[in-house]
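Let me begin by presenting the structure, written as C-alpha cells, before commenting on it.
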Amino acid sequence: MGAEPGLTEEQQRYLEGFMRGIAAKLGNGASGAADPALDIHRAAQDRFLAQGKSLVPEELAKREGHPLDMWDAIGANVAAARFPKGLDVFRHKFFGLFYAAPAQDAFMCRLRMPNGILSAHQLRGIAAIAEQHGGGYADVTTRANLQIREIGAAHAIAVLTSLQDLGLTSRGAGADNIRNITGSPTAGIDPQELIDTRPLAHALHHYILNHRELYGLPRKFNIAFDGGGRIGVLEDTNDIGFTAVRVEAGAGIEPGVYFRMQLGGITGHGDFARDAGVVLTPGQCVPMAVAVVRVFIASGDRTDRKRARLKYVLDAWGIDKFMDAVVAEAAFAPARLPVSACTPRGPVEKQGHIGIHPQKQDGFSYAGIALPVGRLGVKEMRGLADIADALGSGTIRLTVWQNLILSDIPDAHVAALEERVAALGLATRVSAVRGGLVACTGNTGCKFSATDTKGQARIIADYLDARLALDQPINIHLTGCPNSCAQHYVGDIGLLGIKVGEDLVEGYTIVVGGGAGGERTLAREIDANVPMADLPARLERILAAYLAHRRDSAESFHDFSARHSVDALKRLFAGPD
Ligand code: SF4
C-alpha cells in the first residue's frame, strides 16, 4: 500500500481504517442523499425518461448523487492506493482528477485559474506538487491552464489539498462542467484592449465554485472573454464567447464598451459560435452567462453524449427562441444591437503571444515565452517564477497557445530577462513554426489519441526549421482524435491523428486555412491518411508552395489558402512527382 505523503505510520493506519469504514458504508462512492443542487438536473433528466428514453450512464451517475460529494470515496481510494473504477472514473473528474489508463496508469490533475493568470508563488507550488506527487512536469493546455501528470493513486488527496493551500483549485476542471474561464492574456496591460477581462473571469470563476447546481451539465462547457487586445483567445470557439466592442454615440444606447455574446462554438463539430444579437454591459456578463448555463442545463440532451453540447440545442431551437428563454431566466433584457452597429475590435497579432512587447503602462513590457508543445519541467517552472519575481510583478499569464507571458517588466530589465530565459533553455524569439505550434496531450497521456501529437510536433518543427525560413506567422495544430482539444480546424495547418493502413501506423489528416476571430474559417481537408513518416516532407511541400505562390510577402498563409479552392490547393501542394 502506498503511503499518504507527510503522515506518520500511526496516522497512516488510522486514515486507512477510517477510509475503509467510510467506503464500506458508501459502497459505490456516491452518497445518494437528496440534494437541492441536483433538482434542476433531475428535472431535465425526467423529461427524457417521460418520453421513454434512456439516460446515458454518466447521467445515471450524476442522478444518483452529486459527484462533488466524492471526497470520502476519493480518500478511501487514496488509503488503498488504488485508482477508481467504472463510473467513479467519471466522478473523479469533477475534482479535476483524470485516471489516464491505459495511456498512463496514473492520474492527471487539471487545474483551473481564471483568465489563465497565476502568481510566481503558485507556479513554484505547482512545481513542488509535480515533483513530489507527479511526473516532475506540467503541461499548459489550450484553455490557458495547467495539467500535472503521472500522479500516483496514493497522492490524489495530497495534490488536491496542496492546490487549495496555494489558493488554486481543480474543482470542475473535467467531466460535464464549466471549464477554466479564459480571458485575454494581456488583460490590463495591452495598449489596444477595450477592457480588462480579469475581473469578469475572476467573478464568473468564483460564482461557479460557489454554486453546486452549476456542476453536472449535459456536457462540458467553455466560456471565454475577449477584451479586444492584441492576442486572441479564440472566444468564438467557446460555448459562450464574450467579445468586447465599442458602441459609438447614435447607436441608440449609451456609448461605451460592451460585450457581444456568441453562443454554441464547437469547431470539432464544425461550428463557430453564433452571435446572439445582444450587447451586454460588463456588469451583465456574469448573470447572463449563468442564465445561459441554466437554460442549457434544462434543455441539453441527456441521452446522447455526442449531441449533448449547447450547439445542438441552438440547432434545434434557433438562436431567437434560445435567447428568449435566457432573457426570461436572467430576468433582465440586454440591449439588442446588430453587429454592424458596433465598432469591430482591433487586429489580432497572430504570434503576439511570443516576444517582447510594450505594455500600455509606459516603461514596461511583457515577454511571451515559447514553451515546446506547452511542457514545463519543474526546473523551468521554478526558474520562470524566479524571473517573474525578480524582474517583473511576479505575474504569470498562460495563453491558449500553450505558452506563457511574464508581465510588468521594466524596459531596463528586458535584456536581463531574455538572458535568464535563455539560461533555462527557453526563448522569447523562436521560428514562425515553433511560435504557433499547438499539440494536444497525445497517446502518451490520453487514451483517445491515435498519435503521439506532442512528440511528433517537435519532429515536425525540427524538420521544417532546418529547411524553411518562414517570414509570416503560421499556426500548426496537432490533435490526436476528433475531440479536437488542439482545435485543428482553426489552425493554418491542422493535423488530425489517425491510424493509417493495414499496419495501423500513426498518421494524420491534413486540413488547411483555418482561423478564428477576424480569420474565422474552418480549415479544409487537403489530404488524409498521411503516415507520420511522410508528414514532415509533406508539410514542407505545402509551406514551400505557399512561399512560391503567394501574392507577395505580406500575404498570410490563411489568406493564401482562402483564395484557392481545395482542388487548386491540392494541385499547388502536390509539387513535382
Ligand atoms: Fe485526448 Fe483527443 Fe483531447 Fe487529444 S484531442 S487530448 S487525443 S481527447
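Ligands are numbered from 1 in the order shown, residues from 1 within each chain, and chains are lettered A, B, ... in the order they appear in the C-alpha cells.
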
### Task
Tell me, as an MDAnalysis selection string, which residues lie within 12 Å of Val373 (chain A), counting only C-alpha atoms; anything in the same chain fewer than 2 positions away does not count.
chainID A and resid 138:142 369:371 375:376 400:404 426 433:442 452:461 476:479 486

### Message
Give me the residues near region 276-280 of chain A as a ChimeraX atom specification, where near means some atom within 8 Å (using only C-alpha atoms) and where sequence neighbours in that chain fewer than 5 positions away do not count.
### Response
/A:258-263,285,319-320,323,334-339

### Test item: residues no farther than 7 Å from ligand 1, counting only C-alpha atoms and all ligand atoms, as a PyMOL selection string
chain A and resi 440-443+446-450+479-486

Store the residues of this selection in a file with C-alpha atoms, as a PDB file, in the first residue's frame.
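Once written, out32.pdb looks like this:
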```
ATOM      1  CA  CYS A 440      -2.953  18.130 -27.500  1.00  0.00           C
ATOM      2  CA  THR A 441      -1.764  15.552 -24.972  1.00  0.00           C
ATOM      3  CA  GLY A 442      -1.450  12.726 -27.490  1.00  0.00           C
ATOM      4  CA  ASN A 443      -1.212   8.996 -26.928  1.00  0.00           C
ATOM      5  CA  CYS A 446      -4.594  10.304 -23.479  1.00  0.00           C
ATOM      6  CA  LYS A 447      -6.346   7.043 -24.312  1.00  0.00           C
ATOM      7  CA  PHE A 448      -8.311   8.625 -27.153  1.00  0.00           C
ATOM      8  CA  SER A 449      -5.281   9.659 -29.157  1.00  0.00           C
ATOM      9  CA  ALA A 450      -4.244   7.835 -32.310  1.00  0.00           C
ATOM     10  CA  THR A 479      -4.852  16.912 -32.285  1.00  0.00           C
ATOM     11  CA  GLY A 480      -4.955  13.211 -31.534  1.00  0.00           C
ATOM     12  CA  CYS A 481      -8.655  12.498 -32.024  1.00  0.00           C
ATOM     13  CA  PRO A 482     -11.842  14.192 -33.254  1.00  0.00           C
ATOM     14  CA  ASN A 483     -12.433  15.705 -29.794  1.00  0.00           C
ATOM     15  CA  SER A 484     -10.018  18.299 -31.151  1.00  0.00           C
ATOM     16  CA  CYS A 485      -8.603  19.673 -27.902  1.00  0.00           C
ATOM     17  CA  ALA A 486      -5.935  21.373 -30.034  1.00  0.00           C
TER      18      ALA A 486
END
```

#### Entry: Of the listed residues A:Arg143, A:Ala175, A:Leu60, A:Leu168, that which approaches Val89 (chain A) most closely, counting only C-alpha atoms
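Among the listed residues, the smallest separation from Val89 (chain A) belongs to A:Ala175.
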
### Query
Would you give me, as a PyMOL selection string, the residues in region 46-238 of chain A that DSSP reads as helix (DSSP H, G or I)?
chain A and resi 46-50+57-64+67-69+71-79+87-95+114-116+120-133+153-165+198-209+212-214+235-237

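Atom to atom, CA of Tyr207 (chain A) and CA of Asp88 (chain A) stand 26.0 Å apart.
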
### Task
For CA of Arg230 (chain A) and CA of Pro191 (chain A), determine how far apart the two atoms are, in Å to one decimal place.
8.1 Å

### Long-range neighbours of Leu200 (chain A) as JSON, numbers by chain, 12 Å cut-off, only C-alpha atoms, 2 positions minimum in chain
{"A": [114, 115, 181, 182, 183, 184, 187, 195, 196, 197, 198, 202, 203, 204, 205, 206, 207, 223, 224, 225, 226, 227, 242, 244, 259, 281, 282, 283, 284, 285, 286, 287, 288, 289]}

#### Entry: CA of Arg541 (chain A) to CA of Gly374 (chain A), distance in Å rounded to a single decimal
26.2 Å

I'd like the neighbourhood of region 149-162 of chain A as a PDB file with N, CA and C atoms, in the first residue's frame, where a residue qualifies if any of its atoms comes within 6 Å (using only C-alpha atoms), though same-chain residues fewer than 5 positions away should be ignored.
```
ATOM      1  N   GLY A   2       0.522   2.245  -0.821  1.00  0.00           N
ATOM      2  CA  GLY A   2       1.305   3.469  -0.858  1.00  0.00           C
ATOM      3  C   GLY A   2       0.990   4.335   0.347  1.00  0.00           C
ATOM      4  N   GLU A   4       0.351   7.814   2.330  1.00  0.00           N
ATOM      5  CA  GLU A   4      -0.073   9.196   2.128  1.00  0.00           C
ATOM      6  C   GLU A   4       1.092  10.077   2.546  1.00  0.00           C
ATOM      7  N   VAL A  78      -7.397   6.634  -1.992  1.00  0.00           N
ATOM      8  CA  VAL A  78      -6.037   7.048  -1.629  1.00  0.00           C
ATOM      9  C   VAL A  78      -5.485   6.103  -0.561  1.00  0.00           C
ATOM     10  N   ALA A  81      -4.493   3.060  -2.003  1.00  0.00           N
ATOM     11  CA  ALA A  81      -3.568   3.251  -3.134  1.00  0.00           C
ATOM     12  C   ALA A  81      -4.119   2.623  -4.408  1.00  0.00           C
ATOM     13  N   ARG A  82      -5.395   2.864  -4.664  1.00  0.00           N
ATOM     14  CA  ARG A  82      -5.986   2.287  -5.874  1.00  0.00           C
ATOM     15  C   ARG A  82      -6.643   3.406  -6.698  1.00  0.00           C
ATOM     16  N   PHE A  83      -6.735   3.133  -7.961  1.00  0.00           N
ATOM     17  CA  PHE A  83      -7.392   4.075  -8.858  1.00  0.00           C
ATOM     18  C   PHE A  83      -8.885   3.736  -8.928  1.00  0.00           C
ATOM     19  N   ALA A 106      -1.998   6.292 -14.051  1.00  0.00           N
ATOM     20  CA  ALA A 106      -1.770   7.434 -13.150  1.00  0.00           C
ATOM     21  C   ALA A 106      -2.905   8.431 -13.349  1.00  0.00           C
ATOM     22  N   PHE A 107      -3.022   9.345 -12.377  1.00  0.00           N
ATOM     23  CA  PHE A 107      -3.951  10.466 -12.537  1.00  0.00           C
ATOM     24  C   PHE A 107      -3.262  11.596 -13.292  1.00  0.00           C
ATOM     25  N   MET A 108      -4.052  12.317 -14.044  1.00  0.00           N
ATOM     26  CA  MET A 108      -3.688  13.660 -14.476  1.00  0.00           C
ATOM     27  C   MET A 108      -4.592  14.596 -13.672  1.00  0.00           C
ATOM     28  N   HIS A 133       4.521  14.606  -6.212  1.00  0.00           N
ATOM     29  CA  HIS A 133       3.380  13.704  -6.429  1.00  0.00           C
ATOM     30  C   HIS A 133       3.168  13.310  -7.894  1.00  0.00           C
ATOM     31  N   GLY A 134       3.846  13.959  -8.811  1.00  0.00           N
ATOM     32  CA  GLY A 134       3.615  13.693 -10.225  1.00  0.00           C
ATOM     33  C   GLY A 134       4.901  13.352 -10.961  1.00  0.00           C
ATOM     34  N   GLY A 135       4.874  13.570 -12.265  1.00  0.00           N
ATOM     35  CA  GLY A 135       6.000  13.189 -13.102  1.00  0.00           C
ATOM     36  C   GLY A 135       7.075  14.252 -13.227  1.00  0.00           C
TER      37      GLY A 135
END
```

### Task
May I have the residues within 12 Å of Gly270 (chain A) as a VMD selection string, using only C-alpha atoms and disregarding those fewer than 3 positions away in the same chain?
chain A and resid 237 264 to 267 273 311 to 312 482 to 484 487 to 490 514 520 to 524

#### Entry: Which of region 32-118 of chain A DSSP labels strand (DSSP E), written as an MDAnalysis selection string
chainID A and resid 97:99 107:110 117:118

Mind dumping the selected residues with all heavy atoms as an mmCIF file, in the first residue's frame?
```
data_model
loop_
_atom_site.group_PDB
_atom_site.id
_atom_site.type_symbol
_atom_site.label_atom_id
_atom_site.label_comp_id
_atom_site.auth_asym_id
_atom_site.auth_seq_id
_atom_site.Cartn_x
_atom_site.Cartn_y
_atom_site.Cartn_z
ATOM 1 N N LEU A 97 -9.535 15.224 -11.436
ATOM 2 C CA LEU A 97 -8.658 14.044 -11.432
ATOM 3 C C LEU A 97 -9.055 13.107 -12.569
ATOM 4 O O LEU A 97 -10.159 12.539 -12.560
ATOM 5 C CB LEU A 97 -8.788 13.298 -10.107
ATOM 6 C CG LEU A 97 -8.177 13.961 -8.880
ATOM 7 C CD1 LEU A 97 -8.597 13.218 -7.610
ATOM 8 C CD2 LEU A 97 -6.646 14.022 -8.979
ATOM 9 N N PHE A 98 -8.179 12.950 -13.523
ATOM 10 C CA PHE A 98 -8.432 12.076 -14.676
ATOM 11 C C PHE A 98 -7.561 10.835 -14.551
ATOM 12 O O PHE A 98 -6.329 10.945 -14.570
ATOM 13 C CB PHE A 98 -8.042 12.788 -15.981
ATOM 14 C CG PHE A 98 -8.912 13.945 -16.350
ATOM 15 C CD1 PHE A 98 -8.933 15.102 -15.593
ATOM 16 C CD2 PHE A 98 -9.696 13.894 -17.497
ATOM 17 C CE1 PHE A 98 -9.724 16.177 -15.941
ATOM 18 C CE2 PHE A 98 -10.494 14.964 -17.857
ATOM 19 C CZ PHE A 98 -10.505 16.105 -17.081
ATOM 20 N N TYR A 99 -8.195 9.680 -14.419
ATOM 21 C CA TYR A 99 -7.402 8.444 -14.435
ATOM 22 C C TYR A 99 -7.063 8.161 -15.902
ATOM 23 O O TYR A 99 -7.957 7.915 -16.717
ATOM 24 C CB TYR A 99 -8.202 7.302 -13.813
ATOM 25 C CG TYR A 99 -7.476 5.980 -13.799
ATOM 26 C CD1 TYR A 99 -6.102 5.930 -13.568
ATOM 27 C CD2 TYR A 99 -8.147 4.788 -14.015
ATOM 28 C CE1 TYR A 99 -5.416 4.726 -13.564
ATOM 29 C CE2 TYR A 99 -7.482 3.572 -14.005
ATOM 30 C CZ TYR A 99 -6.116 3.552 -13.780
ATOM 31 O OH TYR A 99 -5.439 2.347 -13.788
ATOM 32 N N PHE A 107 -3.022 9.345 -12.377
ATOM 33 C CA PHE A 107 -3.951 10.466 -12.537
ATOM 34 C C PHE A 107 -3.262 11.596 -13.292
ATOM 35 O O PHE A 107 -2.065 11.838 -13.143
ATOM 36 C CB PHE A 107 -4.376 11.031 -11.178
ATOM 37 C CG PHE A 107 -5.421 10.248 -10.451
ATOM 38 C CD1 PHE A 107 -5.161 9.736 -9.195
ATOM 39 C CD2 PHE A 107 -6.679 10.049 -11.010
ATOM 40 C CE1 PHE A 107 -6.130 9.033 -8.498
ATOM 41 C CE2 PHE A 107 -7.660 9.344 -10.318
ATOM 42 C CZ PHE A 107 -7.372 8.835 -9.061
ATOM 43 N N MET A 108 -4.052 12.317 -14.044
ATOM 44 C CA MET A 108 -3.688 13.660 -14.476
ATOM 45 C C MET A 108 -4.592 14.596 -13.672
ATOM 46 O O MET A 108 -5.785 14.311 -13.502
ATOM 47 C CB MET A 108 -3.947 13.829 -15.975
ATOM 48 C CG MET A 108 -3.689 15.231 -16.506
ATOM 49 S SD MET A 108 -5.131 16.303 -16.387
ATOM 50 C CE MET A 108 -6.053 15.804 -17.828
ATOM 51 N N CYS A 109 -4.045 15.657 -13.134
ATOM 52 C CA CYS A 109 -4.871 16.635 -12.437
ATOM 53 C C CYS A 109 -4.867 17.939 -13.229
ATOM 54 O O CYS A 109 -3.810 18.524 -13.468
ATOM 55 C CB CYS A 109 -4.359 16.891 -11.024
ATOM 56 S SG CYS A 109 -5.431 18.034 -10.121
ATOM 57 N N ARG A 110 -6.062 18.330 -13.639
ATOM 58 C CA ARG A 110 -6.211 19.586 -14.390
ATOM 59 C C ARG A 110 -6.645 20.683 -13.424
ATOM 60 O O ARG A 110 -7.613 20.512 -12.678
ATOM 61 C CB ARG A 110 -7.233 19.415 -15.509
ATOM 62 C CG ARG A 110 -7.400 20.678 -16.348
ATOM 63 C CD ARG A 110 -8.447 20.482 -17.415
ATOM 64 N NE ARG A 110 -8.057 19.487 -18.380
ATOM 65 C CZ ARG A 110 -8.913 18.705 -19.054
ATOM 66 N NH1 ARG A 110 -10.206 18.822 -18.840
ATOM 67 N NH2 ARG A 110 -8.482 17.831 -19.932
ATOM 68 N N ILE A 117 -4.276 33.261 -15.277
ATOM 69 C CA ILE A 117 -3.238 34.025 -14.577
ATOM 70 C C ILE A 117 -2.942 33.397 -13.216
ATOM 71 O O ILE A 117 -3.857 33.035 -12.477
ATOM 72 C CB ILE A 117 -3.672 35.496 -14.405
ATOM 73 C CG1 ILE A 117 -3.801 36.138 -15.793
ATOM 74 C CG2 ILE A 117 -2.680 36.272 -13.554
ATOM 75 C CD1 ILE A 117 -4.267 37.579 -15.778
ATOM 76 N N LEU A 118 -1.664 33.256 -12.919
ATOM 77 C CA LEU A 118 -1.266 32.781 -11.600
ATOM 78 C C LEU A 118 -0.034 33.540 -11.146
ATOM 79 O O LEU A 118 0.596 34.256 -11.929
ATOM 80 C CB LEU A 118 -1.038 31.269 -11.584
ATOM 81 C CG LEU A 118 0.163 30.658 -12.285
ATOM 82 C CD1 LEU A 118 0.349 29.216 -11.809
ATOM 83 C CD2 LEU A 118 -0.027 30.641 -13.790
#
```

#### Entry: Who sits within 12 Å of Pro410 (chain A), only C-alpha atoms, same chain under 3 positions skipped, as a list in words
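Listing them by chain and then by number gives Ile356, His357, Pro358, Gln359, Gln361, Asp362, Gly363, Phe364, Ser365, Tyr366, Ala367, Ala388, Ala390, Leu391, Gly392, Ser393, Leu406, Ser407, His413, Val414, Ala415, Ala416 and Leu417 of chain A.
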
### Summary
Residue with the minimum atom-to-atom distance to Ala331 (chain A), picked from A:Glu131, A:Gly232, A:Val290, A:Asp39 with only C-alpha atoms counted, is A:Val290

### Message
Considering only C-alpha atoms, can you say which of A:Gly174, A:Gly445, A:Gly383, A:Pro218 comes closest to Ala101 (chain A)?
### Response
A:Gly445

### Message
When you count only C-alpha atoms, which of these residues is closest to Leu234 (chain A): A:Glu418, A:Glu519, A:Glu506, A:Asp72?
### Response
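Distance minimum relative to Leu234 (chain A) lands on A:Glu519.
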